[in-house]
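Below is one structure, written out as structure tokens; comments come after it.
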Amino acid sequence: EFCSSLAGIMLLEVFLVLGTILIYFFFSKKNEETLPFKDGWWGRGQKPVTKEDSSIRPFKVETAEEELSDLFRRLDQARFTEPLENSCFHYGTNSVHLRKVVSYWKNQFNWKKQVEVLNKYPQFKTKIQGIDIHFVHVKPPRLPEGQTAKPLLMVHGWPGSFYEFYKIIPLLTDPASHGLGDEHIFEVICPSIPGYGFSEAPHKQDFNSVSAASVFYELMLRLGFNEFYTQGGDAGCLICTNLAQIAPSHVKGLHLNMVLVSKLGLSHLLSILLGRYFPGLFGFQDEDVRRTFPFLKKWLYKILSEFGYAHIQATKPDTVGCGLNDSPVGLAAYILEKFSSWTDMEFQNLEDGGLERKFSLDDLLTNIMIYWVSGCIVSSMRFYKENLQKGIGTQKHDKLTVQVPTGIAAFPNEILHIPQAWAKKKYTNIVSFHFMPQGGHFAALEEPELLAKDILQFVDKVEKAQLWKKK
């Protein structure tokens with residue numbers, strides 16, 4: 001009898017322990033912890049004891065004659081290497097085509113005119129955590145009676161810039177004039193990531209995506225936005241994701257045109273092995289299968305052939321950066337290669353890299369000039385080292401889920417496709433996932449209308465169901 005009652009007590013204890021574990025997991029899932037705000041100091045030297053100047057100052061892109069004459073001298077003195085016969089863009093930027101780009105750059109490209117284009121939207125600078133942050137801030141030209149503009153933070157990636165958003169801004173700030181209705185009108189804020197474009201580079205180590213997200217969160221609060229939407233691809237996807245993890249009660253919705261999944265679990269591995277044969281079992285749609293398999297070709301070989309730059313930038317960015325910062329032709333070759341293959345991998349089969357099939361040379365050179373005149377290529381590349389040097393999937397933000405309402409626009413020519421079934425393990429509140437009909441990595445510049453429509457329908461879903469209140 002004693003033994004049976006002892007067994008009963010032990011059984012009860014086991015149930016209590018199991019019950020406690022289940023309750024813990026149930027409630028800890030509901031109350032997912034947020035990512036700590038990173039209050040850094042990235043300025044030179046010691047952090048001053050005086051309060052930081054939080055004023056917002058107007059900014060305009062300016063260019064000096066000396067700057068242009070120095071550029072033209074360097075372009076004139078460029079040394080080109082003859083490409084291999086019929087190599088197209090398979091070895092990188094083809095120098096036969098590069099000569100044509102440089103000739104256009106010297107003889108036809110009008111940087112002063114492009115500076116006017118850059119200055120057509122209001123730009124500002126403000127000091128946050130010790131460094132000057134540059135941003136474009138565009139308000140709607142008109143608002144219907146009783147309507148307010150929705151603040152939208154848009155974050156670029158590498159090797160892009162705030163200029164990537166110049167074609168999509170009018171579609172979001174004045175959608176009615178572009179046949180997109182007037183139900184949702186945005187006030188758009190496009191900052192330059194610190195170390196990119198006209199934002200000051202951090203002077204200290206360890207400025208990663210969480211640091212950038214913290215800086216941009218502070219920027220939005222400083223501009224008076226307590227609730228706002230965010231949008232990004234590439235590094236912008238990571239920064240906006242981190243921002244949603246830091247301030248879930250302030251981010252109403254997160255829209256991404258690229259998704260990063262840095263932690264692969266057993267279900268991911270099984271879906272890689274068997275998803276092609278049993279797609280339904282793993283939540284794959286036919287389009288997921290088409291974009292993901294054969295896995296070796298669509299993922300592994302692509303990573304090996306396309307991500308060498310990332311390994312360099314995540315280990316020794318300053319070494320390669322020295323050359324790129326010294327040679328405008330070298331800088332152009334490095335950046336143009338990405339605008340070719342990341343727009344469409346098939347463009348590697350073309351002698352001109354297909355560069356002008358989706359972009360004008362003026363647009364491509366304007367982006368390159370932002371890197372050249374600001375001298376930011378090295379600091380932009382360092383961002384890879386700061387984000388990856390501690391290992392992939394090891395940071396706190398890698399382990400935390402995102403509960404903010406999320407919209408994903410999956411463009412067919414994005415470098416790597418992430419199926420929704422994979423994405424929802426990280427983003428637990430996906431309200432919109434669309435396979436886009438065309439387009440690649442630089443979606444806002446390449447397909448502004450498609451991206452704008454997807455952002456608008458996503459925000460419409462979030463607003464109608466007031467989803468941010470149900471987080």
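Note on naming: chains are A, B, ... as they come in the structure tokens, residues start from 1 per chain, ligands start from 1 in the order shown.
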Using DSSP on the backbone, list every residue of region 130-326 of chain A that comes out as strand (DSSP E or B), and give them as a ChimeraX atom specification. /A:131-138,150-155,186-191,228-232,251-256
Using only C-alpha atoms, which residues sit within 9 Å of Phe89 (chain A) once same-chain residues fewer than 5 positions away are excluded, as number ranges by chain? A: 94, 337, 340-341, 347-353
Can those selected residues be exported to a file as a PDB file, in the first residue's frame so that it contains N, CA and C atoms?
```pdb
ATOM      1  N   ASN A  94      32.124  42.471 -67.179  1.00  0.00           N
ATOM      2  CA  ASN A  94      32.904  42.330 -68.400  1.00  0.00           C
ATOM      3  C   ASN A  94      33.513  43.685 -68.776  1.00  0.00           C
ATOM      4  N   GLU A 337      28.252  44.580 -61.113  1.00  0.00           N
ATOM      5  CA  GLU A 337      28.110  43.108 -61.156  1.00  0.00           C
ATOM      6  C   GLU A 337      26.891  42.660 -60.349  1.00  0.00           C
ATOM      7  N   SER A 340      23.615  43.420 -62.012  1.00  0.00           N
ATOM      8  CA  SER A 340      23.356  42.484 -63.107  1.00  0.00           C
ATOM      9  C   SER A 340      22.795  41.159 -62.570  1.00  0.00           C
ATOM     10  N   SER A 341      23.615  40.441 -61.810  1.00  0.00           N
ATOM     11  CA  SER A 341      23.207  39.081 -61.412  1.00  0.00           C
ATOM     12  C   SER A 341      22.051  39.067 -60.423  1.00  0.00           C
ATOM     13  N   PHE A 347      21.231  37.085 -66.647  1.00  0.00           N
ATOM     14  CA  PHE A 347      21.949  38.211 -67.260  1.00  0.00           C
ATOM     15  C   PHE A 347      23.458  37.960 -67.346  1.00  0.00           C
ATOM     16  N   GLN A 348      23.945  36.967 -66.592  1.00  0.00           N
ATOM     17  CA  GLN A 348      25.377  36.634 -66.670  1.00  0.00           C
ATOM     18  C   GLN A 348      25.752  36.108 -68.057  1.00  0.00           C
ATOM     19  N   ASN A 349      24.732  35.664 -68.807  1.00  0.00           N
ATOM     20  CA  ASN A 349      24.972  35.116 -70.143  1.00  0.00           C
ATOM     21  C   ASN A 349      25.054  36.206 -71.210  1.00  0.00           C
ATOM     22  N   LEU A 350      24.909  37.462 -70.805  1.00  0.00           N
ATOM     23  CA  LEU A 350      24.918  38.563 -71.766  1.00  0.00           C
ATOM     24  C   LEU A 350      26.200  39.384 -71.628  1.00  0.00           C
ATOM     25  N   GLU A 351      26.724  39.868 -72.760  1.00  0.00           N
ATOM     26  CA  GLU A 351      27.984  40.612 -72.713  1.00  0.00           C
ATOM     27  C   GLU A 351      27.842  41.935 -71.961  1.00  0.00           C
ATOM     28  N   ASP A 352      26.623  42.505 -71.976  1.00  0.00           N
ATOM     29  CA  ASP A 352      26.413  43.767 -71.250  1.00  0.00           C
ATOM     30  C   ASP A 352      25.788  43.541 -69.876  1.00  0.00           C
ATOM     31  N   GLY A 353      25.698  42.266 -69.460  1.00  0.00           N
ATOM     32  CA  GLY A 353      25.152  41.931 -68.139  1.00  0.00           C
ATOM     33  C   GLY A 353      23.680  42.300 -67.976  1.00  0.00           C
TER      34      GLY A 353
END
```
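Going from CA of Thr315 (chain A) over to CA of Ser262 (chain A), you cover 18.3 Å.
Counting only C-alpha atoms, the residue from A:Ile185, A:Asn119, A:Ala212, A:Val155 that sits nearest to Lys139 (chain A) is A:Ile185.
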At what distance in Å, to one decimal, does CA of Phe216 (chain A) lie from CA of Tyr334 (chain A)? 28.0 Å
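With only C-alpha atoms as the atoms that count, the minimum distance from Ser271 (chain A) to the choices A:Trp105, A:Phe433, A:Phe293, A:Phe228 is reached by A:Phe293.
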Give me the region 383-454 of chain A side of the contact with region 232-235 of chain A, cut-off 12 Å, one line per residue showing its nearest atom pair and distance in Å at one decimal, counting only C-alpha atoms, sorted by chain and residue number, as CSV.
```
residue,atom,partner,partner_atom,distance
A:Phe383,CA,A:Ala235,CA,9.0
A:Tyr384,CA,A:Ala235,CA,9.2
A:Asn387,CA,A:Ala235,CA,9.9
A:Thr406,CA,A:Gly232,CA,11.6
A:Gly407,CA,A:Gly232,CA,10.8
A:Ile408,CA,A:Gly233,CA,10.0
A:Ala409,CA,A:Gly233,CA,9.7
A:Ala410,CA,A:Gly233,CA,10.5
A:Phe411,CA,A:Gly233,CA,10.8
A:Glu414,CA,A:Asp234,CA,10.0
A:Ile415,CA,A:Asp234,CA,10.3
A:Leu416,CA,A:Asp234,CA,11.2
A:Gly440,CA,A:Gly233,CA,10.7
A:His441,CA,A:Gly233,CA,7.7
A:Phe442,CA,A:Gly233,CA,8.0
A:Ala443,CA,A:Gly233,CA,8.2
A:Ala444,CA,A:Gly233,CA,9.1
A:Leu445,CA,A:Gly233,CA,11.7
A:Leu451,CA,A:Gly232,CA,10.8
```
Where does DSSP see alpha helix (DSSP H) in region 292-348 of chain A, if you list the residues as a ChimeraX atom specification? /A:292,295,301-306,308-313,317-326,328-341
Closest atom pairs, region 339-428 of chain A residues within 10 Å of region 33-37 of chain A, only C-alpha atoms, as a tab-separated table:
```
residue	atom	partner	partner_atom	distance
A:Lys396	CA	A:Leu35	CA	7.4
A:His397	CA	A:Leu35	CA	6.5
A:Leu400	CA	A:Glu33	CA	7.7
A:Thr401	CA	A:Glu33	CA	9.0
A:Val402	CA	A:Thr34	CA	9.0
A:Gln403	CA	A:Thr34	CA	9.9
```
Might you pull out every residue within 10 Å of Leu365 (chain A), with only C-alpha atoms counted and same-chain residues fewer than 5 positions away left off, and present them as a list in words? Val101, Val102, Tyr104, Trp105, Phe109, Asn110, Trp111, Gln114, Ala332, Ile335, Leu336, Ser360, Ile370, Tyr371 and Trp372 of chain A
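When only C-alpha atoms are used to measure the gap to Ala64 (chain A), the shortest distance among A:Val115, A:Cys190, A:Val378, A:Ile455 belongs to A:Val115.
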Please, what distance in Å, to one decimal, runs between CA of Asp326 (chain A) and CA of Arg382 (chain A)? 16.7 Å
Nearest candidate to Glu218 (chain A) (options A:Ile272, A:Ile128, A:His311, A:Asp398; using only C-alpha atoms): A:Ile128
Residues near Gly43 (chain A), cut-off 8 Å, only C-alpha atoms, skip fewer than 5 positions along chain, as a VMD selection string: chain A and resid 129 to 131 202 to 204
Tell me which of A:Ile418, A:Ala314, A:Leu331, A:Leu75 sits closest to Trp299 (chain A), counting only C-alpha atoms. A:Ile418
